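As stored in data-v6.pdb (PDB, C-alpha atoms, pLDDT in the B column):
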```pdb
ATOM      1  CA  MET A   6       5.131-107.223  23.568  1.00 93.00           C
ATOM      2  CA  ASN A   7       8.459-105.885  22.220  1.00 93.00           C
ATOM      3  CA  SER A   8       8.975-102.404  23.681  1.00 94.00           C
ATOM      4  CA  VAL A   9      12.134-100.674  24.889  1.00 94.00           C
ATOM      5  CA  VAL A  10      12.734 -97.293  26.546  1.00 94.00           C
ATOM      6  CA  LEU A  11      16.341 -96.147  27.019  1.00 94.00           C
ATOM      7  CA  VAL A  12      17.940 -92.965  28.302  1.00 92.00           C
ATOM      8  CA  GLY A  13      21.632 -92.353  27.785  1.00 92.00           C
ATOM      9  CA  ARG A  14      24.370 -90.380  26.074  1.00 91.00           C
ATOM     10  CA  LEU A  15      25.599 -90.787  22.525  1.00 94.00           C
ATOM     11  CA  ALA A  16      28.929 -92.621  22.390  1.00 92.00           C
ATOM     12  CA  ARG A  17      29.600 -91.242  18.889  1.00 93.00           C
ATOM     13  CA  ASP A  18      28.063 -88.895  16.345  1.00 94.00           C
ATOM     14  CA  PRO A  19      25.117 -90.318  14.358  1.00 95.00           C
ATOM     15  CA  GLU A  20      25.835 -91.682  10.879  1.00 95.00           C
ATOM     16  CA  LEU A  21      23.227 -90.649   8.306  1.00 95.00           C
ATOM     17  CA  ARG A  22      22.691 -92.636   5.111  1.00 94.00           C
ATOM     18  CA  PHE A  23      19.925 -92.904   2.560  1.00 95.00           C
ATOM     19  CA  ILE A  24      18.372 -96.100   1.191  1.00 92.00           C
ATOM     20  CA  PRO A  25      19.127 -95.984  -2.567  1.00 92.00           C
ATOM     21  CA  SER A  26      15.854 -97.535  -3.723  1.00 92.00           C
ATOM     22  CA  SER A  27      13.531 -95.291  -1.706  1.00 92.00           C
ATOM     23  CA  GLY A  28      15.683 -92.345  -0.636  1.00 91.00           C
ATOM     24  CA  MET A  29      14.596 -92.865   2.986  1.00 93.00           C
ATOM     25  CA  ALA A  30      16.996 -91.540   5.616  1.00 94.00           C
ATOM     26  CA  VAL A  31      18.570 -93.981   8.090  1.00 95.00           C
ATOM     27  CA  ALA A  32      20.612 -92.831  11.083  1.00 96.00           C
ATOM     28  CA  ARG A  33      22.656 -95.106  13.326  1.00 96.00           C
ATOM     29  CA  PHE A  34      24.282 -94.244  16.609  1.00 96.00           C
ATOM     30  CA  THR A  35      25.427 -95.896  19.813  1.00 94.00           C
ATOM     31  CA  LEU A  36      23.769 -94.992  23.098  1.00 94.00           C
ATOM     32  CA  ALA A  37      25.708 -95.423  26.357  1.00 91.00           C
ATOM     33  CA  VAL A  38      23.204 -96.373  29.063  1.00 90.00           C
ATOM     34  CA  ASP A  39      24.518 -96.393  32.653  1.00 85.00           C
ATOM     35  CA  LYS A  40      24.291 -99.616  34.589  1.00 80.00           C
ATOM     36  CA  GLU A  41      22.673 -99.310  38.003  1.00 74.00           C
ATOM     37  CA  LEU A  42      25.968 -99.328  39.908  1.00 67.00           C
ATOM     38  CA  PHE A  43      26.393 -97.097  42.935  1.00 65.00           C
ATOM     39  CA  GLY A  44      29.016 -96.413  45.567  1.00 72.00           C
ATOM     40  CA  GLU A  45      31.468 -99.229  46.241  1.00 74.00           C
ATOM     41  CA  LYS A  46      30.235-101.459  43.402  1.00 69.00           C
ATOM     42  CA  LYS A  47      30.760 -98.667  40.861  1.00 68.00           C
ATOM     43  CA  GLN A  48      34.259 -97.885  42.204  1.00 71.00           C
ATOM     44  CA  GLN A  49      35.124-101.587  42.149  1.00 71.00           C
ATOM     45  CA  ALA A  50      33.993-101.918  38.511  1.00 65.00           C
ATOM     46  CA  ILE A  51      36.009 -98.835  37.520  1.00 67.00           C
ATOM     47  CA  SER A  52      39.146-100.091  39.299  1.00 72.00           C
ATOM     48  CA  GLN A  53      38.819-103.501  37.596  1.00 69.00           C
ATOM     49  CA  GLY A  54      38.372-101.862  34.196  1.00 72.00           C
ATOM     50  CA  LYS A  55      34.850-103.193  33.799  1.00 71.00           C
ATOM     51  CA  PRO A  56      32.335-101.070  31.898  1.00 67.00           C
ATOM     52  CA  THR A  57      29.808 -99.088  33.935  1.00 70.00           C
ATOM     53  CA  ALA A  58      27.528 -98.605  30.939  1.00 83.00           C
ATOM     54  CA  ASP A  59      25.963-100.718  28.198  1.00 87.00           C
ATOM     55  CA  PHE A  60      26.611 -99.550  24.641  1.00 91.00           C
ATOM     56  CA  ILE A  61      23.484-100.124  22.582  1.00 93.00           C
ATOM     57  CA  SER A  62      23.158 -99.742  18.822  1.00 95.00           C
ATOM     58  CA  ILE A  63      20.212 -97.557  17.755  1.00 96.00           C
ATOM     59  CA  THR A  64      18.710 -97.289  14.258  1.00 95.00           C
ATOM     60  CA  VAL A  65      16.133 -94.658  13.336  1.00 96.00           C
ATOM     61  CA  PHE A  66      14.387 -94.017  10.003  1.00 96.00           C
ATOM     62  CA  GLY A  67      12.798 -91.141   8.085  1.00 94.00           C
ATOM     63  CA  LYS A  68      12.574 -87.521   9.196  1.00 94.00           C
ATOM     64  CA  GLN A  69      13.574 -88.452  12.747  1.00 95.00           C
ATOM     65  CA  ALA A  70      16.814 -89.891  11.342  1.00 94.00           C
ATOM     66  CA  GLU A  71      17.577 -86.548   9.688  1.00 94.00           C
ATOM     67  CA  ASN A  72      16.774 -84.687  12.921  1.00 94.00           C
ATOM     68  CA  CYS A  73      19.064 -86.997  14.899  1.00 94.00           C
ATOM     69  CA  ALA A  74      21.907 -86.431  12.437  1.00 94.00           C
ATOM     70  CA  ASN A  75      21.416 -82.660  12.574  1.00 93.00           C
ATOM     71  CA  TYR A  76      20.876 -82.141  16.298  1.00 92.00           C
ATOM     72  CA  LEU A  77      22.556 -84.994  18.169  1.00 93.00           C
ATOM     73  CA  ALA A  78      26.291 -85.334  18.771  1.00 92.00           C
ATOM     74  CA  LYS A  79      28.670 -87.408  20.859  1.00 92.00           C
ATOM     75  CA  GLY A  80      27.982 -86.851  24.565  1.00 91.00           C
ATOM     76  CA  ARG A  81      24.457 -85.511  24.033  1.00 93.00           C
ATOM     77  CA  MET A  82      21.720 -87.100  26.133  1.00 93.00           C
ATOM     78  CA  CYS A  83      18.565 -88.519  24.559  1.00 94.00           C
ATOM     79  CA  ALA A  84      15.689 -90.882  25.245  1.00 95.00           C
ATOM     80  CA  VAL A  85      14.778 -93.618  22.786  1.00 96.00           C
ATOM     81  CA  HIS A  86      11.517 -95.530  22.513  1.00 96.00           C
ATOM     82  CA  GLY A  87      11.480 -98.497  20.158  1.00 96.00           C
ATOM     83  CA  ARG A  88      11.744-102.248  19.774  1.00 96.00           C
ATOM     84  CA  ILE A  89      14.479-104.878  19.895  1.00 95.00           C
ATOM     85  CA  SER A  90      15.572-106.361  16.578  1.00 93.00           C
ATOM     86  CA  THR A  91      17.879-109.386  16.416  1.00 92.00           C
ATOM     87  CA  GLY A  92      19.713-110.833  13.463  1.00 91.00           C
ATOM     88  CA  SER A  93      22.761-112.776  12.379  1.00 91.00           C
ATOM     89  CA  TYR A  94      25.344-112.840   9.629  1.00 91.00           C
ATOM     90  CA  THR A  95      28.444-114.794   8.645  1.00 92.00           C
ATOM     91  CA  SER A  96      31.710-112.880   8.915  1.00 91.00           C
ATOM     92  CA  GLN A  97      34.476-112.996   6.312  1.00 92.00           C
ATOM     93  CA  THR A  98      36.254-115.585   8.437  1.00 93.00           C
ATOM     94  CA  GLY A  99      33.192-117.851   8.356  1.00 93.00           C
ATOM     95  CA  GLU A 100      32.062-117.178  11.920  1.00 94.00           C
ATOM     96  CA  LYS A 101      28.373-116.742  12.598  1.00 93.00           C
ATOM     97  CA  ARG A 102      27.767-113.449  14.405  1.00 92.00           C
ATOM     98  CA  TYR A 103      24.611-112.347  16.166  1.00 93.00           C
ATOM     99  CA  THR A 104      23.354-108.763  16.392  1.00 90.00           C
ATOM    100  CA  THR A 105      20.938-106.965  18.669  1.00 91.00           C
ATOM    101  CA  ASP A 106      19.763-103.472  17.719  1.00 93.00           C
ATOM    102  CA  ILE A 107      17.066-101.094  18.828  1.00 95.00           C
ATOM    103  CA  ILE A 108      14.802 -99.794  16.058  1.00 96.00           C
ATOM    104  CA  ALA A 109      13.664 -96.420  17.376  1.00 96.00           C
ATOM    105  CA  ASP A 110      10.087 -95.234  16.895  1.00 95.00           C
ATOM    106  CA  ARG A 111      10.734 -92.033  18.850  1.00 95.00           C
ATOM    107  CA  VAL A 112      13.867 -90.142  19.865  1.00 95.00           C
ATOM    108  CA  GLU A 113      13.629 -87.263  22.323  1.00 94.00           C
ATOM    109  CA  PHE A 114      16.506 -84.847  22.804  1.00 92.00           C
ATOM    110  CA  ILE A 115      17.350 -84.206  26.452  1.00 89.00           C
ATOM    111  CA  GLY A 116      19.611 -81.502  27.739  1.00 75.00           C
ATOM    112  CA  GLY A 117      20.029 -77.924  28.767  1.00 51.00           C
ATOM    113  CA  LYS A 118      19.071 -74.904  26.709  1.00 46.00           C
ATOM    114  CA  ASP A 119      22.648 -74.418  25.502  1.00 50.00           C
ATOM    115  CA  GLN A 120      22.676 -77.937  24.038  1.00 46.00           C
ATOM    116  CA  SER A 121      19.152 -78.154  22.653  1.00 38.00           C
ATOM    117  CA  SER A 122      18.992 -74.767  20.981  1.00 38.00           C
ATOM    118  CA  SER A 123      22.009 -75.117  18.725  1.00 43.00           C
ATOM    119  CA  PRO A 124      22.626 -77.690  16.028  1.00 45.00           C
ATOM    120  CA  GLN A 125      25.671 -79.879  16.023  1.00 46.00           C
ATOM    121  CA  GLN A 126      28.926 -78.009  15.594  1.00 47.00           C
ATOM    122  CA  GLY A 127      30.335 -78.329  12.112  1.00 44.00           C
ATOM    123  CA  ARG A 128      26.996 -79.294  10.576  1.00 48.00           C
ATOM    124  CA  PRO A 129      24.621 -76.344  10.820  1.00 46.00           C
ATOM    125  CA  VAL A 130      21.113 -76.819   9.557  1.00 45.00           C
ATOM    126  CA  GLN A 131      20.368 -74.513   6.638  1.00 45.00           C
ATOM    127  CA  PRO A 132      16.814 -73.155   6.419  1.00 44.00           C
ATOM    128  CA  ASP A 133      14.946 -73.529   3.176  1.00 46.00           C
ATOM    129  CA  SER A 134      15.584 -70.293   1.257  1.00 45.00           C
ATOM    130  CA  SER A 135      12.058 -70.325  -0.214  1.00 44.00           C
ATOM    131  CA  PHE A 136      10.720 -69.775   3.313  1.00 42.00           C
ATOM    132  CA  PHE A 137      12.092 -66.231   3.342  1.00 44.00           C
ATOM    133  CA  GLY A 138      10.944 -65.328  -0.161  1.00 47.00           C
ATOM    134  CA  ASP A 139       7.609 -63.856   0.955  1.00 48.00           C
ATOM    135  CA  PHE A 140       9.077 -61.507   3.542  1.00 46.00           C
ATOM    136  CA  PRO A 141       9.763 -57.916   2.531  1.00 48.00           C
ATOM    137  CA  ASP A 142      13.224 -56.407   2.762  1.00 50.00           C
ATOM    138  CA  GLU A 143      14.160 -54.773   6.045  1.00 50.00           C
ATOM    139  CA  ASP A 144      14.217 -51.354   4.378  1.00 49.00           C
ATOM    140  CA  ASN A 145      10.549 -51.504   3.431  1.00 49.00           C
ATOM    141  CA  ASP A 146       8.137 -50.573   6.189  1.00 52.00           C
ATOM    142  CA  ILE A 147       5.611 -53.426   6.341  1.00 49.00           C
ATOM    143  CA  PHE A 148       3.433 -51.729   8.925  1.00 51.00           C
ATOM    144  CA  GLN A 149       0.978 -49.132   7.681  1.00 57.00           C
ATOM    145  CA  PRO A 150      -0.903 -46.708   9.926  1.00 61.00           C
ATOM    146  CA  VAL A 151      -4.564 -47.615  10.387  1.00 60.00           C
ATOM    147  CA  ASP A 152      -7.367 -45.121  10.813  1.00 66.00           C
ATOM    148  CA  ASP A 153      -9.522 -45.901  13.881  1.00 65.00           C
ATOM    149  CA  GLU A 154     -12.624 -45.804  11.694  1.00 67.00           C
ATOM    150  CA  ASP A 155     -11.354 -48.773   9.632  1.00 61.00           C
ATOM    151  CA  ILE A 156     -11.293 -51.067  12.666  1.00 60.00           C
ATOM    152  CA  PRO A 157     -14.507 -53.187  12.665  1.00 60.00           C
ATOM    153  CA  PHE A 158     -14.989 -53.273  16.441  1.00 53.00           C
TER     154      PHE A 158
END
```

Let me see the structure of the file written as C-alpha cells.
Amino acid sequence: MNSVVLVGRLARDPELRFIPSSGMAVARFTLAVDKELFGEKKQQAISQGKPTADFISITVFGKQAENCANYLAKGRMCAVHGRISTGSYTSQTGEKRYTTDIIADRVEFIGGKDQSSSPQQGRPVQPDSSFFGDFPDEDNDIFQPVDDEDIPF
C-alpha cells in the first residue's frame, strides 16, 4: 500500500502550470514537515545548523491544484493525503539524479479564520461575472408584499 499523510507549512508559494495537451492544472509546492525533535535535541540541532524539518515536494492536479494556487501561500499550514512517486533523470553534467515526490489526492487547508477566509495576497480570486447576472440591481425592491390569503397553509 502506498499512502502518505503529511501536515506542515508551505516553504514557498505554489507554482501553477497547465499541461498543454489537456489543459489540466498542475500545482507544485514544498511542504516543511517538522521532525519529531523536542527540548535538548531540538536546541542541539538548531545550534549545529541541522534542519529541524523535512522539505517535501508536493504535486497536485486538477481543480485542487487551482485551489491550492489561489488559497495557499508561503507559511500557510495544510494537510496532504497522497502517494509517494519516485523517478530519476540525468542532469546536464551527466549525473544520474533521483527524485521523490508526493502526488496529492487531497489537500486540506489548515489555519485560523483570518488565514482561511481570505485568498492569497496579490492574487485575489475573481468570481465568475455570469453568477451575478440573474440578481436584480440594489435599487429594485425584490421583495413584494404578500396577502395572507395567498399563503397555502

Minimum-distance residue to Val9 of chain A, chosen among A:Ser90, A:Thr95, A:Thr57, A:Asn72 (using only C-alpha atoms): A:Ser90

Selection near Ser8 of chain A, 8 Å with all atoms listed in the file, sequence-local residues under 3 positions removed, as a PyMOL selection string: chain A and resi 86-89

Contacts of Glu113 of chain A at 7 Å (only C-alpha atoms; same-chain gap of 2+ positions) as an MDAnalysis selection string: chainID A and resid 83:85 111 115

Near-Tyr103 of chain A list (9 Å; only C-alpha atoms; drop same-chain fewer than 2 positions) as a VMD selection string: chain A and resid 91 to 95 101 105

As AutoDock Vina command-line options, what would the box around segment 96-110 of chain A look like: edges along x, y and z, 8 Å added on every side, centre and edge lengths in Å to one decimal?
```
--center_x 23.2 --center_y -106.5 --center_z 12.6 --size_x 42.2 --size_y 38.6 --size_z 28.5
```

For atom CA of Phe34 of chain A and atom CA of Gly67 of chain A, the interatomic separation in Å (one decimal): 14.6 Å

Residues matched by the PyMOL selection byres ((chain A and resi 17-30) around 8) as a ChimeraX atom specification: /A:15-16,31-35,66-68,70-71,73-74,77-80

Selection under test: the PyMOL selection byres ((chain A and resi 39) around 7); residues as a VMD selection string: chain A and resid 13 37 to 38 40 to 41 57 to 59
